[in-house]
$ cat query-v8.csv   # CSV, C-alpha atoms
chain,number,residue,atom,x,y,z
G,339,MET,CA,19.7,-8.1,26.7
G,340,ASN,CA,17.6,-10.3,24.4
G,341,LEU,CA,15.4,-10.3,21.4
G,342,HIS,CA,12.2,-10.3,23.5
G,343,GLN,CA,13.2,-7.0,25.1
G,344,PHE,CA,13.8,-5.5,21.7
G,345,ARG,CA,10.5,-6.7,20.4
G,346,PHE,CA,8.7,-5.3,23.5
G,347,VAL,CA,10.3,-1.9,23.0
G,348,GLN,CA,9.5,-1.9,19.3
G,349,GLU,CA,5.9,-2.9,19.8
G,350,ALA,CA,5.3,-0.4,22.6
G,351,VAL,CA,6.3,2.4,20.1
G,352,ARG,CA,4.1,0.9,17.4
G,353,ARG,CA,1.1,0.9,19.8
G,354,ASN,CA,1.5,4.5,20.8
G,355,LEU,CA,3.2,3.6,24.1
G,356,ASN,CA,0.2,1.6,25.2
G,357,LEU,CA,1.8,-1.4,27.0
G,358,THR,CA,-1.6,-3.1,27.3
G,359,GLU,CA,-2.1,-3.1,23.5
G,360,ALA,CA,1.6,-4.0,23.0
G,361,ALA,CA,1.1,-7.0,25.3
G,362,LYS,CA,-2.0,-8.1,23.4
G,363,ALA,CA,-0.2,-7.9,20.1
G,364,LEU,CA,2.7,-10.0,21.4
G,365,HIS,CA,0.4,-12.5,23.3
G,366,THR,CA,2.0,-11.8,26.6
G,367,SER,CA,1.2,-9.9,29.8
G,368,GLN,CA,1.4,-6.2,30.4
G,369,PRO,CA,3.5,-6.5,33.5
G,370,GLY,CA,5.9,-8.8,31.7
G,371,VAL,CA,6.4,-6.2,28.9
G,372,SER,CA,6.9,-3.4,31.4
G,373,LYS,CA,9.4,-5.5,33.4
G,374,ALA,CA,11.4,-6.5,30.3
G,375,ILE,CA,11.7,-2.8,29.1
G,376,ILE,CA,12.8,-1.7,32.6
G,377,GLU,CA,15.5,-4.4,32.7
G,378,LEU,CA,16.8,-3.4,29.3
G,379,GLU,CA,16.9,0.3,30.4
G,380,GLU,CA,18.8,-0.7,33.5
G,381,GLU,CA,21.3,-2.8,31.5
G,382,LEU,CA,21.9,0.1,29.1
G,383,GLY,CA,22.0,2.7,31.8
G,384,ILE,CA,19.6,5.0,30.1
G,385,GLU,CA,15.8,5.6,30.0
G,386,ILE,CA,14.3,4.6,26.7
G,387,PHE,CA,11.0,6.1,27.7
G,388,ALA,CA,10.0,9.1,29.8
G,389,ARG,CA,7.2,8.1,32.2
G,390,HIS,CA,4.4,9.7,34.2
G,391,GLY,CA,3.9,7.3,37.0
G,392,LYS,CA,3.8,3.9,35.4
G,393,ARG,CA,2.6,5.2,32.0
G,394,LEU,CA,5.0,5.8,29.1
G,395,LYS,CA,4.7,9.4,27.9
G,396,ARG,CA,7.4,9.7,25.2
G,397,VAL,CA,10.6,8.3,23.7
G,398,THR,CA,13.7,10.0,25.2
G,399,GLU,CA,16.5,11.3,23.0
G,400,PRO,CA,18.8,8.3,23.8
G,401,GLY,CA,15.7,6.1,23.4
G,402,GLN,CA,15.4,7.3,19.8
G,403,HIS,CA,19.0,6.0,19.1
G,404,VAL,CA,18.1,2.7,20.8
G,405,LEU,CA,15.0,2.4,18.7
G,406,LYS,CA,17.0,2.8,15.4
G,407,SER,CA,19.4,0.1,16.5
G,408,ILE,CA,16.5,-2.2,17.6
G,409,ASP,CA,14.8,-1.7,14.2
G,410,LEU,CA,18.0,-2.6,12.4
G,411,ILE,CA,18.7,-5.7,14.6
G,412,LEU,CA,15.1,-7.0,14.2
G,413,ARG,CA,15.1,-6.3,10.4
G,414,GLU,CA,18.3,-8.3,10.0
G,415,ILE,CA,16.9,-11.1,12.1
G,416,GLY,CA,13.9,-11.2,9.7
G,417,ASN,CA,16.4,-11.2,6.8
G,418,LEU,CA,18.3,-14.1,8.3
G,419,LYS,CA,15.1,-16.1,8.5
G,420,ARG,CA,14.2,-15.3,4.8
G,421,ILE,CA,17.8,-16.3,3.7
G,422,GLY,CA,17.3,-19.6,5.5
G,423,GLU,CA,13.9,-20.1,3.9
G,424,GLN,CA,15.4,-19.2,0.5
G,425,TYR,CA,18.1,-21.8,0.5
G,426,SER,CA,16.4,-24.6,2.5
G,427,ALA,CA,13.2,-24.5,0.5
G,428,GLU,CA,13.8,-22.3,-2.6
G,429,ASP,CA,10.5,-22.9,-4.2
G,430,SER,CA,8.2,-22.8,-1.2
G,431,GLY,CA,7.0,-20.4,1.5
G,432,THR,CA,4.5,-17.6,1.8
G,433,LEU,CA,4.4,-14.4,-0.2
G,434,SER,CA,2.6,-11.7,1.7
G,435,ILE,CA,1.1,-9.0,-0.5
G,436,ALA,CA,-0.3,-5.7,0.7
G,437,THR,CA,-2.5,-3.8,-1.7
G,438,THR,CA,-5.7,-1.9,-2.2
G,439,HIS,CA,-9.1,-3.3,-3.2
G,440,THR,CA,-8.8,-2.1,-6.8
G,441,GLN,CA,-5.4,-3.7,-7.3
G,442,ALA,CA,-6.5,-6.9,-5.6
G,443,ARG,CA,-9.8,-7.2,-7.5
G,444,TYR,CA,-8.8,-6.1,-11.0
G,445,VAL,CA,-5.0,-6.2,-11.5
G,446,LEU,CA,-3.5,-9.0,-9.3
G,447,PRO,CA,-5.6,-12.2,-10.1
G,448,GLU,CA,-3.8,-13.1,-13.3
G,449,LYS,CA,-0.4,-12.2,-11.8
G,450,VAL,CA,-1.0,-14.3,-8.7
G,451,ALA,CA,-2.2,-17.2,-10.9
G,452,ALA,CA,1.0,-16.9,-12.9
G,453,LEU,CA,3.2,-16.9,-9.8
G,454,ARG,CA,1.4,-20.0,-8.5
G,455,THR,CA,2.1,-21.7,-11.9
G,456,ALA,CA,5.8,-20.8,-11.5
G,457,TYR,CA,6.0,-21.6,-7.8
G,458,PRO,CA,3.2,-24.1,-7.0
G,459,LYS,CA,4.4,-24.6,-3.4
G,460,VAL,CA,4.3,-20.9,-2.6
G,461,ASN,CA,1.2,-19.8,-0.6
G,462,ILE,CA,-0.2,-16.3,-1.1
G,463,SER,CA,-1.3,-14.1,1.8
G,464,LEU,CA,-3.3,-11.1,0.4
G,465,HIS,CA,-3.8,-8.1,2.8
G,466,GLN,CA,-6.1,-5.3,1.6
G,467,GLY,CA,-6.2,-1.7,3.0
G,468,SER,CA,-5.9,1.9,2.2
G,469,PRO,CA,-2.6,3.1,0.6
G,470,ASP,CA,-1.4,4.3,4.0
G,471,GLN,CA,-2.3,1.0,5.5
G,472,VAL,CA,-0.4,-0.8,2.7
G,473,ALA,CA,2.7,1.3,3.6
G,474,ARG,CA,2.4,0.5,7.3
G,475,MET,CA,2.0,-3.2,6.6
G,476,LEU,CA,5.3,-3.1,4.7
G,477,ILE,CA,7.1,-1.1,7.4
G,478,ASP,CA,5.7,-3.5,10.1
G,479,GLU,CA,6.8,-6.5,8.0
G,480,VAL,CA,3.3,-7.9,7.7
G,481,ALA,CA,3.9,-7.9,3.9
G,482,GLU,CA,6.9,-8.2,1.7
G,483,ILE,CA,5.6,-6.3,-1.4
G,484,GLY,CA,3.0,-3.6,-1.7
G,485,ILE,CA,1.1,-2.2,-4.6
G,486,ALA,CA,-0.9,1.0,-4.6
G,487,THR,CA,-1.3,4.3,-6.4
G,488,GLU,CA,-1.4,6.8,-3.5
G,489,SER,CA,1.0,7.5,-0.7
G,490,LEU,CA,3.7,4.8,-1.0
G,491,ALA,CA,6.4,7.2,-2.3
G,492,ASP,CA,5.8,9.4,0.8
G,493,TYR,CA,7.5,6.9,3.2
G,494,SER,CA,11.3,7.1,3.6
G,495,GLU,CA,11.2,3.5,5.1
G,496,LEU,CA,10.2,2.2,1.7
G,497,VAL,CA,11.8,1.6,-1.7
G,498,THR,CA,9.2,2.3,-4.4
G,499,LEU,CA,9.3,1.9,-8.1
G,500,PRO,CA,6.8,2.8,-10.8
G,501,CYS,CA,4.8,-0.2,-12.0
G,502,TYR,CA,2.3,0.9,-14.6
G,503,GLU,CA,0.4,4.0,-15.7
G,504,TRP,CA,-3.4,4.2,-15.8
G,505,GLN,CA,-6.2,6.8,-16.3
G,506,HIS,CA,-9.6,7.5,-14.8
G,507,MET,CA,-12.7,6.8,-16.9
G,508,LEU,CA,-16.1,8.4,-16.8
G,509,VAL,CA,-18.8,5.8,-16.2
G,510,LEU,CA,-22.2,6.8,-17.7
G,511,PRO,CA,-25.6,5.3,-18.2
G,512,THR,CA,-26.0,4.5,-21.9
G,513,ASP,CA,-28.7,7.2,-22.3
G,514,HIS,CA,-26.9,9.9,-20.4
G,515,PRO,CA,-26.4,13.2,-22.4
G,516,LEU,CA,-22.6,13.1,-21.8
G,517,ALA,CA,-22.5,9.7,-23.5
G,518,ARG,CA,-23.4,11.4,-26.8
G,519,LYS,CA,-20.9,14.2,-26.6
G,520,ASP,CA,-17.8,14.0,-28.7
G,521,ARG,CA,-15.7,16.1,-26.3
G,522,ILE,CA,-16.5,16.2,-22.5
G,523,THR,CA,-15.0,19.0,-20.5
G,524,LEU,CA,-14.2,19.3,-16.8
G,525,GLU,CA,-16.9,21.9,-16.6
G,526,ASP,CA,-19.4,19.4,-18.0
G,527,VAL,CA,-18.4,16.9,-15.4
G,528,ALA,CA,-18.6,19.4,-12.5
G,529,LEU,CA,-22.3,20.0,-13.2
G,530,GLU,CA,-23.1,16.4,-12.6
G,531,PRO,CA,-23.6,14.5,-9.3
G,532,LEU,CA,-20.4,12.4,-9.1
G,533,ILE,CA,-19.8,8.9,-7.7
G,534,THR,CA,-16.1,8.2,-7.2
G,535,TYR,CA,-13.5,7.0,-4.8
G,536,HIS,CA,-12.9,7.9,-1.1
G,537,PRO,CA,-10.2,10.6,-0.9
G,538,SER,CA,-7.4,8.3,0.0
G,539,PHE,CA,-8.0,5.7,-2.7
G,540,THR,CA,-7.3,5.1,-6.4
G,541,GLY,CA,-6.0,8.4,-7.6
G,542,ARG,CA,-8.7,10.5,-6.0
G,543,THR,CA,-6.0,13.2,-5.3
G,544,LYS,CA,-5.6,13.8,-9.0
G,545,ILE,CA,-9.4,14.2,-9.4
G,546,ASP,CA,-9.6,16.8,-6.6
G,547,GLN,CA,-6.5,18.7,-8.0
G,548,ALA,CA,-8.0,18.9,-11.4
G,549,PHE,CA,-11.2,20.5,-10.2
G,550,ALA,CA,-9.3,22.8,-7.8
G,551,THR,CA,-6.9,24.0,-10.6
G,552,ARG,CA,-9.9,25.1,-12.6
G,553,LYS,CA,-11.6,26.6,-9.6
G,554,LEU,CA,-14.6,24.2,-9.9
G,555,THR,CA,-16.5,22.8,-7.0
G,556,PRO,CA,-17.9,19.3,-8.0
G,557,ARG,CA,-20.8,17.7,-6.1
G,558,ILE,CA,-19.6,14.4,-4.8
G,559,ALA,CA,-22.9,12.4,-4.4
G,560,LEU,CA,-21.2,9.2,-3.2
G,561,GLU,CA,-17.7,8.0,-2.2
G,562,ALA,CA,-16.7,4.4,-2.2
G,563,ILE,CA,-13.5,2.2,-2.1
G,564,ASP,CA,-15.0,-0.4,-4.4
G,565,SER,CA,-15.3,0.2,-8.2
G,566,ASP,CA,-18.1,-2.3,-8.5
G,567,VAL,CA,-20.1,-0.1,-6.0
G,568,ILE,CA,-19.4,2.9,-8.2
G,569,LYS,CA,-20.7,1.1,-11.3
G,570,THR,CA,-23.8,-0.2,-9.4
G,571,TYR,CA,-24.9,3.3,-8.3
G,572,VAL,CA,-24.3,4.8,-11.7
G,573,ARG,CA,-26.5,2.1,-13.1
G,574,LEU,CA,-29.2,3.1,-10.7
G,575,GLY,CA,-29.0,6.7,-12.0
G,576,LEU,CA,-27.5,8.4,-8.9
G,577,GLY,CA,-24.8,10.2,-10.9
G,578,VAL,CA,-21.7,10.0,-13.2
G,579,GLY,CA,-19.0,7.7,-12.1
G,580,ILE,CA,-15.3,8.3,-12.1
G,581,ALA,CA,-13.4,4.9,-11.8
G,582,ALA,CA,-10.0,3.4,-12.6
G,583,GLU,CA,-9.7,2.1,-16.2
G,584,MET,CA,-8.6,-1.4,-15.0
G,585,ALA,CA,-12.0,-1.6,-13.1
G,586,VAL,CA,-14.2,-0.9,-16.1
G,587,ARG,CA,-12.8,-3.4,-18.6
G,588,ASP,CA,-16.1,-5.4,-18.3
G,589,VAL,CA,-18.1,-2.3,-19.3
G,590,ILE,CA,-15.8,-1.7,-22.3
G,591,GLU,CA,-16.1,-5.3,-23.4
G,592,ASP,CA,-19.9,-5.7,-23.1
G,593,GLY,CA,-20.6,-2.9,-25.6
G,594,GLY,CA,-23.3,-1.3,-23.5
G,595,LYS,CA,-25.2,-4.4,-22.6
G,596,SER,CA,-24.8,-3.7,-18.9
G,597,GLY,CA,-26.5,-0.4,-19.3
G,598,LEU,CA,-23.3,1.5,-19.0
G,599,VAL,CA,-20.7,3.1,-21.2
G,600,VAL,CA,-17.3,4.6,-20.4
G,601,ARG,CA,-15.3,7.6,-21.7
G,602,PRO,CA,-11.5,8.1,-21.1
G,603,ALA,CA,-10.9,10.9,-18.7
G,604,GLY,CA,-7.1,11.1,-18.7
G,605,SER,CA,-7.2,14.4,-20.5
G,606,LEU,CA,-9.3,15.8,-17.6
G,607,PHE,CA,-7.6,14.3,-14.6
G,608,GLY,CA,-4.1,13.4,-15.8
G,609,GLN,CA,-2.3,10.1,-15.7
G,610,ASN,CA,-1.8,8.0,-12.5
G,611,VAL,CA,1.2,5.7,-11.6
G,612,ALA,CA,0.7,2.6,-9.6
G,613,ARG,CA,3.8,1.8,-7.6
G,614,VAL,CA,5.3,-1.3,-6.2
G,615,ALA,CA,7.1,-1.0,-2.8
G,616,PHE,CA,9.4,-2.9,-0.5
G,617,LYS,CA,10.7,-2.2,3.0
G,618,ARG,CA,14.1,-0.6,2.7
G,619,SER,CA,17.0,-3.1,3.3
G,620,ALA,CA,14.7,-6.1,3.4
G,621,TYR,CA,16.0,-9.4,1.9
G,622,LEU,CA,13.8,-10.4,-1.0
G,623,ARG,CA,13.4,-14.1,-1.9
G,624,ASN,CA,13.4,-15.3,-5.5
G,625,PHE,CA,9.6,-15.5,-5.8
G,626,VAL,CA,9.2,-11.9,-4.6
G,627,PHE,CA,11.4,-10.8,-7.5
G,628,THR,CA,9.4,-13.0,-9.9
G,629,PHE,CA,6.1,-11.6,-8.7
G,630,ALA,CA,7.4,-8.0,-9.2
G,631,GLU,CA,8.5,-8.9,-12.7
G,632,LEU,CA,5.0,-10.3,-13.4
G,633,LEU,CA,3.4,-7.0,-12.4
G,634,SER,CA,5.2,-5.0,-15.1
G,635,ASP,CA,7.7,-5.4,-17.9
G,636,ARG,CA,9.3,-2.3,-16.6
G,637,LEU,CA,10.5,-4.2,-13.5
G,638,ASP,CA,13.2,-6.7,-13.4
G,639,ARG,CA,15.4,-8.3,-10.7
G,640,LYS,CA,18.5,-6.1,-11.5
G,641,LEU,CA,16.5,-2.9,-11.3
G,642,ILE,CA,14.8,-3.8,-8.0
G,643,ALA,CA,18.1,-5.0,-6.5
G,644,ARG,CA,19.8,-1.7,-7.4
G,645,ALA,CA,17.0,0.3,-5.9
G,646,MET,CA,17.1,-1.9,-2.7
G,647,ASP,CA,20.9,-1.3,-2.5
G,648,GLY,CA,20.3,2.5,-2.4
G,649,HIS,CA,21.0,3.5,-6.0
G,650,THR,CA,19.0,6.7,-6.6
G,651,GLU,CA,18.4,6.7,-10.3
G,652,ASN,CA,15.2,8.4,-11.4
G,653,TYR,CA,12.8,5.6,-11.9
G,654,ASP,CA,9.7,7.7,-12.5
G,655,TYR,CA,8.0,7.9,-15.9
$ encode --input "query-v8.csv" --output "structure tokens"
Amino acid sequence: MNLHQFRFVQEAVRRNLNLTEAAKALHTSQPGVSKAIIELEEELGIEIFARHGKRLKRVTEPGQHVLKSIDLILREIGNLKRIGEQYSAEDSGTLSIATTHTQARYVLPEKVAALRTAYPKVNISLHQGSPDQVARMLIDEVAEIGIATESLADYSELVTLPCYEWQHMLVLPTDHPLARKDRITLEDVALEPLITYHPSFTGRTKIDQAFATRKLTPRIALEAIDSDVIKTYVRLGLGVGIAAEMAVRDVIEDGGKSGLVVRPAGSLFGQNVARVAFKRSAYLRNFVFTFAELLSDRLDRKLIARAMDGHTENYDY
């Protein structure tokens, strides 16, 4: 048996048992993948996959155990490579970050710049996606560190830690009636056409829960993943925006010159927690720890190392 066979099996599962897609991902031929998997099954004396003709239909029970071992072996191979990189070139390499658009646009630029100052030879590879895609990139080892508000804590394959708290803000045209109210209620907001995030992004779950708890049915006029898009459509008069506080700092600082004002909405929708995540049992290089520490003063190398070692202290706020 060999590492190629292990990678072919793992990729076949990742690609929903589609060997053609697995072969494309691995830059090889479909017959070659099929042959390698069959040879591994023959060597082990078991069927990893149940088949219908030549098509893979499902992973067998013994195959599930094989997959766990393969995942462990390939993860440790990756760790060996990172250990080698750590000690052969301690201050260089590539840090792959998976995150959402909001984090990449509004939170990470200063942190990435600070890391580059500390490690000028380290290249940054920034991958953007939905929170679920961020989790999948960590699990598939496309990225070493992930940052998002939604979903990350739902994956057992990941170690997650709270990074920072934030609240939603109402984004209003300067002449909007709500901009003149001292106290804005959830009922007030529910009467307005709303412009906010797509359901899987940037704390939208909290927004929906708040309305549902009060048995209110808001009218969502527009959904987006980009906070700048939300602000643009609010400025055009299409509705009231609900955006993350880190995305409206420019509105706060310009004092209404942009035609917009913001009002805190934490009392309406609750607080959100952005989380940092790593693949469980991964080996983290020094600059990964440094970057995590730059993200929040609540994070330090000792805390992260303990979490990665399986200590189960309650790290939530």
$ residues_around --input "query-v8.csv" --residues "Ile485 of chain G" --least-positions-apart "3" --cutoff "8 Å" --atoms "only C-alpha atoms" --output "PyMOL selection string"
chain G and resi 435-438+441+472+612-615
$ closest_residue --input "query-v8.csv" --among "G:Leu632, G:Leu529, G:Val626, G:Ile563" --to "Ser434 of chain G" --atoms "only C-alpha atoms"
G:Val626
$ closest_residue --input "query-v8.csv" --among "G:Leu510, G:Ile568, G:Val450, G:Cys501" --to "Asp635 of chain G" --atoms "all atoms listed in the file"
G:Cys501
$ residues_around --input "query-v8.csv" --residues "Glu381 of chain G" --least-positions-apart "3" --cutoff "8 Å" --atoms "all atoms listed in the file" --output "number ranges by chain"
G: 339, 377-378
$ atom_distance --input "query-v8.csv" --atom1 "atom CA of Arg639 of chain G" --atom2 "atom CA of Phe627 of chain G"
5.7 Å
$ atom_distance --input "query-v8.csv" --atom1 "atom CA of Ser634 of chain G" --atom2 "atom CA of Pro537 of chain G"
26.1 Å
$ atom_distance --input "query-v8.csv" --atom1 "atom CA of Gln609 of chain G" --atom2 "atom CA of Trp504 of chain G"
6.0 Å
$ residues_near_point --input "query-v8.csv" --point "(17.9, -11.4, 29.1)" --cutoff "12 Å" --atoms "all atoms listed in the file" --output "VMD selection string"
chain G and resid 339 to 344 373 to 381
$ residues_near_point --input "query-v8.csv" --point "(-10.1, 22.3, -17.2)" --cutoff "7 Å" --atoms "only C-alpha atoms" --output "number ranges by chain"
G: 523-525, 552, 606
$ closest_residue --input "query-v8.csv" --among "G:Ile477, G:Leu641, G:Met507, G:Val572" --to "Arg413 of chain G" --atoms "only C-alpha atoms"
G:Ile477
$ closest_residue --input "query-v8.csv" --among "G:Ser494, G:Ser407, G:Ser605, G:Asn610" --to "Lys544 of chain G" --atoms "all atoms listed in the file"
G:Asn610
$ closest_residue --input "query-v8.csv" --among "G:Arg636, G:Glu479, G:Leu532, G:Val445" --to "Arg420 of chain G" --atoms "only C-alpha atoms"
G:Glu479
$ closest_residue --input "query-v8.csv" --among "G:Thr570, G:Thr534, G:Thr555, G:Ser489" --to "Pro511 of chain G" --atoms "all atoms listed in the file"
G:Thr570
$ residues_around --input "query-v8.csv" --residues "Met584 of chain G" --least-positions-apart "6" --cutoff "12 Å" --atoms "all atoms listed in the file" --output "short mmCIF file (atom, residue, chain, number, x, y, z; two decimals) with C-alpha atoms, in the frame of the given file"
data_model
loop_
_atom_site.label_atom_id
_atom_site.label_comp_id
_atom_site.auth_asym_id
_atom_site.auth_seq_id
_atom_site.Cartn_x
_atom_site.Cartn_y
_atom_site.Cartn_z
CA HIS G 439 -9.10 -3.30 -3.20
CA THR G 440 -8.80 -2.10 -6.80
CA GLN G 441 -5.40 -3.70 -7.30
CA ALA G 442 -6.50 -6.90 -5.60
CA ARG G 443 -9.80 -7.20 -7.50
CA TYR G 444 -8.80 -6.10 -11.00
CA VAL G 445 -5.00 -6.20 -11.50
CA LEU G 446 -3.50 -9.00 -9.30
CA TYR G 502 2.30 0.90 -14.60
CA GLU G 503 0.40 4.00 -15.70
CA TRP G 504 -3.40 4.20 -15.80
CA GLN G 505 -6.20 6.80 -16.30
CA HIS G 506 -9.60 7.50 -14.80
CA MET G 507 -12.70 6.80 -16.90
CA THR G 540 -7.30 5.10 -6.40
CA SER G 565 -15.30 0.20 -8.20
CA ASP G 566 -18.10 -2.30 -8.50
CA ILE G 590 -15.80 -1.70 -22.30
CA GLU G 591 -16.10 -5.30 -23.40
CA VAL G 600 -17.30 4.60 -20.40
CA PRO G 602 -11.50 8.10 -21.10
CA ASN G 610 -1.80 8.00 -12.50
CA ALA G 612 0.70 2.60 -9.60
#
$ residues_around --input "query-v8.csv" --residues "segment 355-370 of chain G" --least-positions-apart "2" --cutoff "9 Å" --atoms "only C-alpha atoms" --output "short mmCIF file (atom, residue, chain, number, x, y, z; two decimals) with C-alpha atoms, keeping the file's coordinate frame"
data_model
loop_
_atom_site.label_atom_id
_atom_site.label_comp_id
_atom_site.auth_asym_id
_atom_site.auth_seq_id
_atom_site.Cartn_x
_atom_site.Cartn_y
_atom_site.Cartn_z
CA ARG G 345 10.50 -6.70 20.40
CA PHE G 346 8.70 -5.30 23.50
CA VAL G 347 10.30 -1.90 23.00
CA GLN G 348 9.50 -1.90 19.30
CA GLU G 349 5.90 -2.90 19.80
CA ALA G 350 5.30 -0.40 22.60
CA VAL G 351 6.30 2.40 20.10
CA ARG G 352 4.10 0.90 17.40
CA ARG G 353 1.10 0.90 19.80
CA SER G 372 6.90 -3.40 31.40
CA LYS G 373 9.40 -5.50 33.40
CA ALA G 374 11.40 -6.50 30.30
CA ILE G 375 11.70 -2.80 29.10
CA PHE G 387 11.00 6.10 27.70
CA ARG G 393 2.60 5.20 32.00
CA LEU G 394 5.00 5.80 29.10
CA LYS G 395 4.70 9.40 27.90
CA ARG G 396 7.40 9.70 25.20
CA VAL G 397 10.60 8.30 23.70
#
$ residues_around --input "query-v8.csv" --residues "Ile462 of chain G" --least-positions-apart "2" --cutoff "7 Å" --atoms "only C-alpha atoms" --output "list of chain:residue names"
G:Thr432, G:Leu433, G:Ser434, G:Val460, G:Leu464
$ write_last_selection --input "query-v8.csv" --atoms "C-alpha atoms" --output "tab-separated table (two decimals), in the coordinates of the input"
chain	number	residue	atom	x	y	z
G	432	THR	CA	4.50	-17.60	1.80
G	433	LEU	CA	4.40	-14.40	-0.20
G	434	SER	CA	2.60	-11.70	1.70
G	460	VAL	CA	4.30	-20.90	-2.60
G	464	LEU	CA	-3.30	-11.10	0.40
$ decode --input "query-v8.csv" --residues "segment 457-498 of chain G" --atoms "C-alpha atoms" --output "PDB file, in the first residue's frame"
ATOM      1  CA  TYR G 457       7.377  37.722   9.260  1.00  0.00           C
ATOM      2  CA  PRO G 458       8.293  39.554   6.031  1.00  0.00           C
ATOM      3  CA  LYS G 459       9.125  36.270   4.250  1.00  0.00           C
ATOM      4  CA  VAL G 460       5.727  34.710   4.945  1.00  0.00           C
ATOM      5  CA  ASN G 461       3.258  34.825   2.061  1.00  0.00           C
ATOM      6  CA  ILE G 462      -0.471  35.098   2.733  1.00  0.00           C
ATOM      7  CA  SER G 463      -3.047  33.051   0.844  1.00  0.00           C
ATOM      8  CA  LEU G 464      -6.541  34.385   1.568  1.00  0.00           C
ATOM      9  CA  HIS G 465      -9.537  32.155   0.754  1.00  0.00           C
ATOM     10  CA  GLN G 466     -13.035  33.640   1.016  1.00  0.00           C
ATOM     11  CA  GLY G 467     -16.314  31.763   1.296  1.00  0.00           C
ATOM     12  CA  SER G 468     -19.385  31.131   3.388  1.00  0.00           C
ATOM     13  CA  PRO G 469     -18.856  29.986   7.001  1.00  0.00           C
ATOM     14  CA  ASP G 470     -19.569  26.384   5.967  1.00  0.00           C
ATOM     15  CA  GLN G 471     -17.037  26.701   3.152  1.00  0.00           C
ATOM     16  CA  VAL G 472     -14.513  28.106   5.623  1.00  0.00           C
ATOM     17  CA  ALA G 473     -15.018  25.021   7.798  1.00  0.00           C
ATOM     18  CA  ARG G 474     -14.645  22.701   4.814  1.00  0.00           C
ATOM     19  CA  MET G 475     -11.408  24.431   3.709  1.00  0.00           C
ATOM     20  CA  LEU G 476      -9.944  23.801   7.157  1.00  0.00           C
ATOM     21  CA  ILE G 477     -11.053  20.169   7.189  1.00  0.00           C
ATOM     22  CA  ASP G 478      -9.658  19.623   3.676  1.00  0.00           C
ATOM     23  CA  GLU G 479      -6.406  21.386   4.705  1.00  0.00           C
ATOM     24  CA  VAL G 480      -6.764  24.105   2.095  1.00  0.00           C
ATOM     25  CA  ALA G 481      -6.303  26.555   4.978  1.00  0.00           C
ATOM     26  CA  GLU G 482      -4.597  26.416   8.380  1.00  0.00           C
ATOM     27  CA  ILE G 483      -6.704  28.985  10.209  1.00  0.00           C
ATOM     28  CA  GLY G 484     -10.310  30.060   9.732  1.00  0.00           C
ATOM     29  CA  ILE G 485     -12.289  33.055  10.982  1.00  0.00           C
ATOM     30  CA  ALA G 486     -16.082  33.362  10.841  1.00  0.00           C
ATOM     31  CA  THR G 487     -19.124  34.062  12.989  1.00  0.00           C
ATOM     32  CA  GLU G 488     -21.482  31.300  11.867  1.00  0.00           C
ATOM     33  CA  SER G 489     -21.104  27.509  11.785  1.00  0.00           C
ATOM     34  CA  LEU G 490     -17.492  26.848  12.792  1.00  0.00           C
ATOM     35  CA  ALA G 491     -18.356  25.459  16.232  1.00  0.00           C
ATOM     36  CA  ASP G 492     -20.711  22.934  14.604  1.00  0.00           C
ATOM     37  CA  TYR G 493     -17.875  20.796  13.169  1.00  0.00           C
ATOM     38  CA  SER G 494     -16.330  18.131  15.405  1.00  0.00           C
ATOM     39  CA  GLU G 495     -13.250  18.046  13.148  1.00  0.00           C
ATOM     40  CA  LEU G 496     -12.361  21.581  14.204  1.00  0.00           C
ATOM     41  CA  VAL G 497     -11.024  23.228  17.330  1.00  0.00           C
ATOM     42  CA  THR G 498     -12.682  26.628  17.713  1.00  0.00           C
TER      43      THR G 498
END
